[in-house]
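Step one of this worksheet: look at the structure below.
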Amino acid sequence: MEYSLFIVVIPFLLFLFLGLLGTKLKSIVAGIIGTIGMGICAVLAYTVAYQYFFGIGKTNGEWVKQIPLNFEWLRFTENLHIDLGVLLDPISVMMLVVITTVSLMVHIYSLGYMKGETGFQRYYAFLSLFSFSMLGLVVATNIFQMYIFWELVGVSSYSLIGFYYTKPSAVAASKKAFIVTRFADLGFLIGILILSFYTKTFDFGLLTADHASLVTTSFAGGTFMGLSIATWALALIFMGGAGKSAMFPLHIWLPDAMEGPTPVSALIHAATMVVAGVYLVARLFPVYIFAAPDVLEMIAFVGAFTALFAAVIAITQTDIKRVLAFSTISQIAYMMVALGVSGYGDHEGLGYMASMFHLFTHAFFKALLFLGAGSVIHAVHSNEMSAMGGLHKYMKITSITFFIACLAIAGIPPFSGFFSKDEILAAAFHHQPVIFWTLWVVAGLTAFYMFRLYFSIFWNTPKSPKGDLVHSASLQGVGGEHHKPHESPAPMTIPLIILAVFSIFTGLIPFADFISSDNIPFHTHIDWTVAIMSIAVAVIGITIAFMLYFKDSKQPARIAQAMGGFYQAALHKFYMDEIWMWVTQTVIFRYICEPIKWFDRHIIDGSMNGLAWITQKSSAGIKGLQSGKVQFYAWVFIFGSIVIAALVLFL
């Protein structure tokens, strides 16, 4: 399966070609070239998936790793070296399908959405760079290769979030995303170094083999501040995953990242980049479960809190992309929880399978939601729900596909989200009641805020951007002009339809037959006790949203006013941005950076300046000895000879 390398190489070649020569092409030509290239990658990815899952992937009833390519890049010691290669196993093959499918849909969609934008060729070059980075990350054969591509993902996302570089808010958002994730990645790097120092390897195969016996043996007995060294290493590695997957309190970059083009939000912040943290924990799952199960439990509780925290904030947001951003945070947290409550092997690994299953289904319906939101923004030229309403009669394709995605994320059968989220709830139900009830509440909140969004956009009374009711058959644009909304062009609606089909049917895949914690297939069934509870709370959430938002009503405003300070806190994202600004500016800058600055300026610089002053004065004092005057040299020679002769005679 050596041809799988081309899935990674083609986007890199596209990046070089479009980045260097794209401006010499017409915009549409550059877009078509990028789209065709990604289409080839998608075909290759599906071929790899078919060949792996229905051909060479299984041996003696167990899924086995395939490494079609691997070569040594840097060697540090006899055992410790960094390799570059391609690792194919159930989760990496699944991710190849997810990334190439969503990326292809975004490439096609962008032909319509980004038409006429300045920097169109640059946009497609950055899309290719991101795809290359993410694909290289998921097929990495070792943790350091993953880290290299992990950082490339950060660079490419920085470029795409800040695509509108003349817009100050976009520049600020890109810097915020870059700084927060780099801070998290510092922990990731330290964790990698600790892990490799003790195990003498970066290789995933060696780290996870035989119930991670290498790791448990290498770290045996080592402690620091009351915790095992393995716990510290894996907690720091999770820190990198928490930053990339926007777990609390490192979630603050994701909502602001919506300043980038909407298709970018679908690609990076819904389906691929933000699940990198989940993929990291899944890749090292045997290490977590056998070497540091306490870290896995921490991941479960962090994920449960993040899911609830983000869902509460999503209820109050009025920018449709920010609603979806906080929804993404909440859903990614669901996946983290599933890993945290999972065991190993057979049905004990239900959570692991459910996490990967939800990652798979969520990629399609969340990408559909973001692209649907882009279609709406394209029609009304605003992100605010107050500028929308009554769009169903004008945008039927967008409305229907958006409705399908809302049903999927709400967990209504037979849509895909029901099957994957139900498995997560079942795993939590049998592991930790507190986490289960938290996720159950989040399921109801998810159904509520998603249908609040849907009804406000497509059914509620049309409004102007200022929130005034518009009873005519037109919507008032941002500039004050009236225009009639219309459906998006075919390049934008075709991806919506394709993703809607995925959102309906992907839940029917017998996922446990393909992906499990120990790579041994097992069979699952619907736990109807959990399923009925999850369906009931979702229906309650949808019903409340229908009553409040299907038609214009004063009731939401009254409820918000009655909730008082709590509503305002949720509206302002519980002031996490302000808290982080206080931490950085007051604590870090004033009490950490200022003393370091003083020490650097007065001690380090002072020492160097003092040495320079002493050297200068000494040089000035003795420079006469090198004056070049022969008479002076002769005088010194004679005087020195007399002094030496006198000393010899005296002694």
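Going by the structure tokens order, chains are called A, B, ..., each with residues numbered from 1, while ligands are numbered from 1 in the order shown.
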Checklist entry - Which neighbours of segment 155-160 of chain A fall inside 8 Å, counting only C-alpha atoms, when residues of the same chain fewer than 5 positions from it are skipped, and could you give them as JSON, numbers by chain? => result {"A": [123, 126, 127, 129, 130, 133, 174, 175, 177, 178, 260, 261, 264, 268]}
Next on the checklist: Excluding Ile108 of chain A and its own-chain neighbours fewer than 5 positions away, which residues fall within 12 Å of it when counting only C-alpha atoms? Please give them as a list in words.
Outcome noted: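 Close residues of Ile108 of chain A: Ile28, Gly31, Ile32, Ile33, Gly34, Thr35, Ile36, Gly37, Met38, Gly39, Thr101, Val102, Ser103, Tyr113, Met114, Lys115, Tyr124, Leu127, Pro263, Leu371, Pro489, Ala490, Pro491, Met492, Thr493, Ile494, Pro495, Leu496 and Ile498 of chain A.
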Checklist entry - Of the candidates A:Thr141, A:Ser131, A:Ser627, A:Ser375, which one gets nearest to Ser92 of chain A if we count only C-alpha atoms? => result A:Thr141
Checklist outcome for this item: Using only C-alpha atoms, the shortest atom-to-atom distance to Ala387 of chain A among A:Pro90, A:His107, A:Phe301, A:Ser456 belongs to A:Ser456
Checklist entry - Between A:Thr328, A:Ser386, A:Thr316, A:Ser218, which one has atoms that come closest to Phe365 of chain A, using only C-alpha atoms? => result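 Using only C-alpha atoms, Phe365 of chain A sits closest to A:Thr328.
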Next on the checklist: If I take atom CA of Ser245 of chain A and atom CA of Asp294 of chain A, how far is one from the other in Å, to one decimal?
Outcome noted: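 Atom CA of Asp294 of chain A lies at a distance of 20.1 Å from atom CA of Ser245 of chain A.
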Item to check | For segment 433-444 of chain A: contacts at 10 Å, only C-alpha atoms, fewer than 2 positions along chain excluded, given as a PyMOL selection string | outcome: chain A and resi 300-301+303-305+307-312+330-331+333-334+337+341+409-411+421-422+424-431+446-449+530+533-542
Checklist entry - Where does DSSP see alpha helix (DSSP H) in segment 171-276 of chain A, if you list the residues as a VMD selection string? => result chain A and resid 171 to 199 204 to 218 229 to 244 253 to 256 262 to 266 276
Checklist entry - How would you write, as a list in words, the set of residues in segment 462-583 of chain A that DSSP gives as strand (DSSP E)? => result Leu475, Gln476, His482 and His483 of chain A
Checklist entry - From the list A:Ala354, A:Ile592, A:Ala500, A:Leu74, which residue is nearest Ile397 of chain A when using only C-alpha atoms? => result A:Ala500
Item to check | Residue with smallest distance to Ser228 of chain A - pool A:Ile504, A:Ile194, A:Ile82, A:Met353, counting only C-alpha atoms | outcome: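 Under the stated criterion, the closest residue is A:Ile194.
In terms of minimum interatomic distance to Leu96 of chain A, A:Tyr50 ranks closest within A:Tyr50, A:Trp459, A:Tyr109, A:Trp635, counting only C-alpha atoms.
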Next on the checklist: With only C-alpha atoms as the counted atoms, please give the residues lying no more than 8 Å from segment 518-525 of chain A, apart from itself and same-chain residues fewer than 3 positions off, as an MDAnalysis selection string.
Outcome noted: chainID A and resid 61:64 90 344:347 349 510 512:515
Could you dump the residues just selected with N, CA and C atoms as a CSV table (one decimal), in the first residue's frame?
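Contents of the output file selection_3.csv:
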```
chain,number,residue,atom,x,y,z
A,61,GLY,N,-8.5,-12.6,12.9
A,61,GLY,CA,-9.6,-11.9,13.6
A,61,GLY,C,-9.2,-10.6,14.3
A,62,GLU,N,-8.0,-10.1,14.0
A,62,GLU,CA,-7.5,-8.8,14.7
A,62,GLU,C,-7.0,-7.9,13.7
A,63,TRP,N,-7.3,-6.6,13.8
A,63,TRP,CA,-6.8,-5.6,13.0
A,63,TRP,C,-5.3,-5.3,13.3
A,64,VAL,N,-4.5,-5.4,12.3
A,64,VAL,CA,-3.1,-5.2,12.5
A,64,VAL,C,-2.6,-4.0,11.8
A,90,PRO,N,-6.8,1.0,12.0
A,90,PRO,CA,-8.2,1.4,11.9
A,90,PRO,C,-8.4,2.9,12.1
A,344,TYR,N,-10.4,-1.4,28.4
A,344,TYR,CA,-9.6,-1.9,27.3
A,344,TYR,C,-10.1,-3.3,27.0
A,345,GLY,N,-10.4,-3.5,25.7
A,345,GLY,CA,-10.8,-4.9,25.3
A,345,GLY,C,-12.3,-5.1,25.3
A,346,ASP,N,-12.8,-5.8,24.3
A,346,ASP,CA,-14.2,-6.2,24.2
A,346,ASP,C,-15.1,-5.0,24.6
A,347,HIS,N,-16.2,-5.3,25.3
A,347,HIS,CA,-17.2,-4.3,25.7
A,347,HIS,C,-16.6,-3.3,26.7
A,349,GLY,N,-14.1,-1.6,26.2
A,349,GLY,CA,-13.6,-0.6,25.3
A,349,GLY,C,-14.7,0.2,24.6
A,510,PRO,N,-21.6,-0.5,11.3
A,510,PRO,CA,-21.3,-1.2,12.5
A,510,PRO,C,-19.9,-0.9,12.9
A,512,ALA,N,-18.1,-0.9,15.6
A,512,ALA,CA,-17.3,-1.8,16.5
A,512,ALA,C,-16.7,-2.9,15.7
A,513,ASP,N,-17.2,-3.2,14.5
A,513,ASP,CA,-16.6,-4.2,13.7
A,513,ASP,C,-15.2,-3.8,13.1
A,514,PHE,N,-15.0,-2.4,13.1
A,514,PHE,CA,-13.8,-1.9,12.5
A,514,PHE,C,-12.8,-1.3,13.5
A,515,ILE,N,-13.4,-0.7,14.5
A,515,ILE,CA,-12.5,0.1,15.5
A,515,ILE,C,-12.8,-0.3,16.9
```
Checklist entry - Residues at most 10 Å from Ile190 of chain A, counting only C-alpha atoms, excluding those fewer than 6 positions away in the same chain, as a list in words? => result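 So, after excluding close chain neighbours, the residues are Ser196, Trp232, Ala233, Leu234, Leu236, Ile237 and Gly240 of chain A.
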Hey, can you spit out that residue selection with C-alpha atoms as a PDB file, in the first residue's frame?
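out-v7.pdb written:
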```
ATOM      1  CA  SER A 196      11.240   9.362  25.335  1.00  0.00           C
ATOM      2  CA  TRP A 232       3.296  13.814  34.625  1.00  0.00           C
ATOM      3  CA  ALA A 233       4.408  12.834  31.119  1.00  0.00           C
ATOM      4  CA  LEU A 234       0.967  11.811  29.912  1.00  0.00           C
ATOM      5  CA  LEU A 236       1.596  17.122  29.779  1.00  0.00           C
ATOM      6  CA  ILE A 237       0.994  15.310  26.499  1.00  0.00           C
ATOM      7  CA  GLY A 240      -1.179  19.668  23.993  1.00  0.00           C
TER       8      GLY A 240
END
```
